[in-house]
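work-v2.cif follows (mmCIF, N, CA and C atoms):
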```cif
data_input
#
loop_
_atom_site.label_atom_id
_atom_site.label_comp_id
_atom_site.auth_asym_id
_atom_site.auth_seq_id
_atom_site.Cartn_x
_atom_site.Cartn_y
_atom_site.Cartn_z
N MET A 1 77.46 -2.87 135.98
CA MET A 1 77.58 -4.10 136.72
C MET A 1 76.52 -5.06 136.20
N SER A 2 76.87 -6.26 135.89
CA SER A 2 75.91 -7.21 135.33
C SER A 2 75.31 -8.06 136.43
N SER A 3 74.23 -8.76 136.07
CA SER A 3 73.56 -9.60 137.06
C SER A 3 74.42 -10.81 137.41
N ASN A 4 75.48 -11.08 136.64
CA ASN A 4 76.37 -12.19 136.95
C ASN A 4 77.23 -11.88 138.16
N SER A 5 77.39 -10.59 138.54
CA SER A 5 78.27 -10.26 139.65
C SER A 5 77.65 -10.53 141.00
N PHE A 6 76.37 -10.79 141.05
CA PHE A 6 75.76 -11.16 142.32
C PHE A 6 74.82 -12.33 142.09
N ASP A 7 74.53 -13.04 143.13
CA ASP A 7 73.77 -14.28 143.04
C ASP A 7 72.34 -14.04 143.51
N ILE A 8 71.40 -14.01 142.57
CA ILE A 8 70.00 -13.76 142.89
C ILE A 8 69.47 -14.88 143.79
N GLU A 9 69.88 -16.10 143.52
CA GLU A 9 69.41 -17.23 144.33
C GLU A 9 69.85 -17.08 145.79
N LYS A 10 71.07 -16.62 146.00
CA LYS A 10 71.57 -16.44 147.37
C LYS A 10 70.80 -15.33 148.08
N ILE A 11 70.56 -14.24 147.35
CA ILE A 11 69.79 -13.13 147.94
C ILE A 11 68.39 -13.58 148.30
N ALA A 12 67.76 -14.35 147.40
CA ALA A 12 66.41 -14.86 147.66
C ALA A 12 66.41 -15.81 148.87
N ARG A 13 67.43 -16.63 148.98
CA ARG A 13 67.51 -17.57 150.10
C ARG A 13 67.68 -16.80 151.41
N LEU A 14 68.53 -15.77 151.41
CA LEU A 14 68.73 -14.96 152.62
C LEU A 14 67.44 -14.24 153.02
N ALA A 15 66.66 -13.84 152.02
CA ALA A 15 65.39 -13.15 152.29
C ALA A 15 64.24 -14.15 152.49
N ARG A 16 64.57 -15.45 152.40
CA ARG A 16 63.60 -16.52 152.54
C ARG A 16 62.46 -16.39 151.55
N LEU A 17 62.83 -16.15 150.29
CA LEU A 17 61.87 -16.03 149.20
C LEU A 17 62.03 -17.21 148.26
N LYS A 18 60.91 -17.70 147.74
CA LYS A 18 60.96 -18.72 146.70
C LYS A 18 60.62 -18.02 145.39
N LEU A 19 61.61 -17.95 144.50
CA LEU A 19 61.44 -17.23 143.25
C LEU A 19 61.43 -18.20 142.07
N THR A 20 60.58 -17.92 141.11
CA THR A 20 60.61 -18.69 139.87
C THR A 20 61.77 -18.18 139.02
N ALA A 21 62.09 -18.91 137.96
CA ALA A 21 63.17 -18.50 137.07
C ALA A 21 62.86 -17.14 136.44
N GLU A 22 61.59 -16.92 136.12
CA GLU A 22 61.18 -15.63 135.52
C GLU A 22 61.39 -14.48 136.52
N GLU A 23 61.02 -14.73 137.77
CA GLU A 23 61.20 -13.70 138.80
C GLU A 23 62.68 -13.42 139.05
N GLN A 24 63.50 -14.46 139.01
CA GLN A 24 64.94 -14.27 139.19
C GLN A 24 65.51 -13.43 138.07
N THR A 25 65.08 -13.67 136.85
CA THR A 25 65.55 -12.88 135.71
C THR A 25 65.13 -11.43 135.86
N ARG A 26 63.86 -11.23 136.19
CA ARG A 26 63.35 -9.86 136.34
C ARG A 26 64.06 -9.12 137.48
N LEU A 27 64.27 -9.79 138.63
CA LEU A 27 64.96 -9.15 139.74
C LEU A 27 66.42 -8.87 139.40
N GLY A 28 67.04 -9.75 138.64
CA GLY A 28 68.42 -9.51 138.20
C GLY A 28 68.52 -8.25 137.37
N GLN A 29 67.54 -8.05 136.48
CA GLN A 29 67.52 -6.83 135.66
C GLN A 29 67.28 -5.60 136.52
N GLN A 30 66.39 -5.72 137.50
CA GLN A 30 66.11 -4.58 138.38
C GLN A 30 67.33 -4.25 139.24
N PHE A 31 68.01 -5.27 139.78
CA PHE A 31 69.23 -5.03 140.55
C PHE A 31 70.29 -4.35 139.70
N THR A 32 70.40 -4.79 138.46
CA THR A 32 71.37 -4.19 137.56
C THR A 32 71.05 -2.71 137.34
N GLY A 33 69.77 -2.39 137.13
CA GLY A 33 69.36 -1.00 136.96
C GLY A 33 69.66 -0.15 138.18
N ILE A 34 69.41 -0.72 139.35
CA ILE A 34 69.68 0.00 140.60
C ILE A 34 71.17 0.27 140.74
N LEU A 35 71.99 -0.74 140.49
CA LEU A 35 73.43 -0.58 140.63
C LEU A 35 74.00 0.39 139.59
N GLU A 36 73.43 0.40 138.38
CA GLU A 36 73.87 1.38 137.37
C GLU A 36 73.54 2.79 137.82
N HIS A 37 72.37 2.98 138.43
CA HIS A 37 71.99 4.30 138.94
C HIS A 37 72.94 4.74 140.06
N ILE A 38 73.30 3.81 140.94
CA ILE A 38 74.24 4.13 142.01
C ILE A 38 75.60 4.50 141.43
N ASP A 39 76.02 3.81 140.38
CA ASP A 39 77.28 4.16 139.72
C ASP A 39 77.24 5.58 139.15
N GLN A 40 76.09 5.97 138.61
CA GLN A 40 75.94 7.34 138.10
C GLN A 40 76.07 8.34 139.25
N LEU A 41 75.45 8.04 140.38
CA LEU A 41 75.55 8.94 141.53
C LEU A 41 76.98 9.03 142.04
N ASN A 42 77.72 7.92 141.99
CA ASN A 42 79.10 7.92 142.45
C ASN A 42 80.01 8.75 141.55
N GLN A 43 79.59 9.02 140.33
CA GLN A 43 80.40 9.80 139.41
C GLN A 43 80.23 11.31 139.62
N LEU A 44 79.26 11.72 140.41
CA LEU A 44 79.04 13.14 140.64
C LEU A 44 80.18 13.73 141.47
N ASP A 45 80.52 14.99 141.17
CA ASP A 45 81.56 15.68 141.91
C ASP A 45 80.95 16.29 143.17
N THR A 46 81.34 15.77 144.32
CA THR A 46 80.81 16.26 145.59
C THR A 46 81.90 16.87 146.46
N GLU A 47 83.00 17.25 145.87
CA GLU A 47 84.12 17.81 146.64
C GLU A 47 83.74 19.12 147.33
N SER A 48 82.93 19.96 146.66
CA SER A 48 82.60 21.26 147.23
C SER A 48 81.33 21.23 148.08
N VAL A 49 80.74 20.06 148.26
CA VAL A 49 79.53 19.94 149.05
C VAL A 49 79.90 19.64 150.50
N GLU A 50 79.43 20.50 151.40
CA GLU A 50 79.73 20.33 152.81
C GLU A 50 78.88 19.21 153.40
N PRO A 51 79.48 18.29 154.16
CA PRO A 51 78.68 17.21 154.76
C PRO A 51 77.67 17.77 155.74
N THR A 52 76.50 17.18 155.75
CA THR A 52 75.44 17.61 156.65
C THR A 52 74.83 16.41 157.35
N SER A 53 74.30 16.65 158.53
CA SER A 53 73.58 15.60 159.23
C SER A 53 72.09 15.74 158.99
N HIS A 54 71.67 16.89 158.48
CA HIS A 54 70.26 17.13 158.20
C HIS A 54 70.18 18.15 157.07
N VAL A 55 69.12 18.07 156.28
CA VAL A 55 69.01 18.98 155.13
C VAL A 55 68.67 20.41 155.53
N LEU A 56 68.09 20.57 156.70
CA LEU A 56 67.73 21.91 157.18
C LEU A 56 68.63 22.31 158.34
N PRO A 57 68.98 23.60 158.44
CA PRO A 57 69.78 24.01 159.60
C PRO A 57 68.90 24.02 160.85
N LEU A 58 69.19 23.14 161.78
CA LEU A 58 68.40 23.03 163.01
C LEU A 58 69.21 23.50 164.20
N GLN A 59 68.49 24.05 165.16
CA GLN A 59 69.13 24.41 166.41
C GLN A 59 68.17 24.13 167.54
N ASN A 60 68.71 23.95 168.71
CA ASN A 60 67.90 23.63 169.87
C ASN A 60 67.08 24.85 170.27
N VAL A 61 65.77 24.67 170.39
CA VAL A 61 64.89 25.78 170.75
C VAL A 61 64.43 25.69 172.20
N PHE A 62 64.97 24.74 172.95
CA PHE A 62 64.57 24.57 174.33
C PHE A 62 65.41 25.45 175.24
N ARG A 63 64.87 25.75 176.38
CA ARG A 63 65.60 26.55 177.35
C ARG A 63 66.65 25.69 178.04
N GLU A 64 67.58 26.32 178.69
CA GLU A 64 68.59 25.62 179.46
C GLU A 64 67.94 25.00 180.70
N ASP A 65 68.43 23.85 181.11
CA ASP A 65 67.94 23.22 182.33
C ASP A 65 68.49 23.97 183.54
N GLU A 66 67.58 24.34 184.42
CA GLU A 66 67.97 25.03 185.63
C GLU A 66 67.28 24.37 186.82
N ALA A 67 68.02 24.08 187.86
CA ALA A 67 67.44 23.49 189.05
C ALA A 67 66.71 24.57 189.83
N LYS A 68 65.46 24.31 190.16
CA LYS A 68 64.66 25.26 190.94
C LYS A 68 64.00 24.51 192.09
N GLN A 69 63.89 25.17 193.22
CA GLN A 69 63.18 24.56 194.34
C GLN A 69 61.75 25.08 194.28
N ILE A 70 60.82 24.18 194.00
CA ILE A 70 59.43 24.58 193.82
C ILE A 70 58.74 24.74 195.17
N PHE A 71 58.94 23.79 196.06
CA PHE A 71 58.32 23.84 197.38
C PHE A 71 59.43 23.92 198.43
N SER A 72 59.14 24.66 199.47
CA SER A 72 60.09 24.67 200.59
C SER A 72 59.86 23.41 201.43
N ASP A 73 60.69 23.20 202.39
CA ASP A 73 60.66 21.97 203.20
C ASP A 73 59.27 21.69 203.75
N GLY A 74 58.75 20.51 203.44
CA GLY A 74 57.49 20.07 204.01
C GLY A 74 56.24 20.58 203.32
N LYS A 75 56.32 21.61 202.53
CA LYS A 75 55.11 22.15 201.92
C LYS A 75 54.53 21.23 200.85
N PHE A 76 55.36 20.36 200.28
CA PHE A 76 54.85 19.43 199.27
C PHE A 76 53.89 18.42 199.92
N LEU A 77 54.08 18.14 201.22
CA LEU A 77 53.19 17.21 201.91
C LEU A 77 51.79 17.78 202.08
N LEU A 78 51.67 19.08 202.02
CA LEU A 78 50.34 19.70 202.16
C LEU A 78 49.44 19.34 200.99
N LEU A 79 50.01 18.93 199.88
CA LEU A 79 49.21 18.55 198.72
C LEU A 79 48.71 17.11 198.81
N ALA A 80 49.25 16.33 199.73
CA ALA A 80 48.88 14.93 199.86
C ALA A 80 47.53 14.80 200.54
N PRO A 81 46.70 13.84 200.12
CA PRO A 81 45.42 13.66 200.80
C PRO A 81 45.59 13.24 202.26
N ARG A 82 46.64 12.39 202.51
CA ARG A 82 46.93 11.99 203.90
C ARG A 82 48.44 11.97 204.08
N GLN A 83 48.84 12.34 205.30
CA GLN A 83 50.28 12.35 205.60
C GLN A 83 50.48 11.92 207.05
N ASP A 84 51.67 11.36 207.31
CA ASP A 84 51.98 10.92 208.67
C ASP A 84 53.49 10.98 208.85
N LYS A 85 53.96 11.69 209.82
CA LYS A 85 55.37 11.79 210.17
C LYS A 85 56.23 12.18 208.96
N ASP A 86 55.87 13.22 208.28
CA ASP A 86 56.59 13.74 207.12
C ASP A 86 56.71 12.74 205.97
N HIS A 87 55.70 11.88 205.83
CA HIS A 87 55.65 10.94 204.72
C HIS A 87 54.25 10.92 204.14
N TYR A 88 54.16 10.55 202.87
CA TYR A 88 52.85 10.31 202.28
C TYR A 88 52.25 9.07 202.90
N GLU A 89 50.98 9.11 203.18
CA GLU A 89 50.29 7.93 203.68
C GLU A 89 49.39 7.42 202.56
N VAL A 90 49.56 6.16 202.21
CA VAL A 90 48.78 5.58 201.12
C VAL A 90 48.04 4.36 201.64
N PRO A 91 46.93 3.99 200.98
CA PRO A 91 46.19 2.82 201.44
C PRO A 91 46.97 1.53 201.19
N GLN A 92 46.76 0.56 202.05
CA GLN A 92 47.41 -0.74 201.90
C GLN A 92 46.78 -1.46 200.72
N ILE A 93 47.60 -2.07 199.87
CA ILE A 93 47.06 -2.70 198.67
C ILE A 93 47.04 -4.22 198.76
N ILE A 94 47.66 -4.79 199.77
CA ILE A 94 47.67 -6.26 199.90
C ILE A 94 46.90 -6.65 201.13
#
```
Show me, as structure tokens, the structure contained in the file I just sent.
Amino acid sequence: MSSNSFDIEKIARLARLKLTAEEQTRLGQQFTGILEHIDQLNQLDTESVEPTSHVLPLQNVFREDEAKQIFSDGKFLLLAPRQDKDHYEVPQII
């Protein structure tokens, strides 16, 4: 793919870059090299390669979620510094 197939000036404008003519030429050559490398990768035979979402086989190592009752009715209020009528009592802030 040649540098004529894409517009360096348009890419620079979209990226909000001010490029000199020398920089545009150099970037055009670099883009061409990148696209040639991608073309080489596209030529590889990947028919027998299984698609993966990650390079390593991962599995969940966490335990299953299970609902447990930690405190029986009302015992959680015993941990509060102050309580009143089965509610936490907190200082007024306003």
- Item | Computed interatomic separation between atom N of A:Glu9 and atom CA of A:Glu36 (Å) |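 Separation between atom N of A:Glu9 and atom CA of A:Glu36: 19.0 Å.
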- Message: Between atom CA of A:Ala12 and atom CA of A:Gln24, what distance in Å does the model show, to one decimal?
- Response: 8.6 Å
- Message: Just list as a PyMOL selection string whatever in chain A DSSP marks as strand (DSSP E or B).
- Response: chain A and resi 83-84+87-88
- DSSP on the backbone, then: every residue of chain A marked alpha helix (DSSP H), written as a list in words.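 Reading the DSSP output for chain A, alpha helix (DSSP H) covers Ile8, Glu9, Lys10, Ile11, Ala12, Arg13, Leu14, Ala21, Glu22, Glu23, Gln24, Thr25, Arg26, Leu27, Gly28, Gln29, Gln30, Phe31, Thr32, Gly33, Ile34, Leu35, Glu36, His37, Ile38, Asp39, Gln40, Leu41 and Asn42 of chain A.
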- Taken to one decimal, the atom CA of A:Thr46-atom C of A:Gln29 distance is 27.3 Å
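With distances restricted to only C-alpha atoms, A:Ile8 is the closest residue to A:Thr32 from A:Ile93, A:Val49, A:Ile8, A:Leu19.
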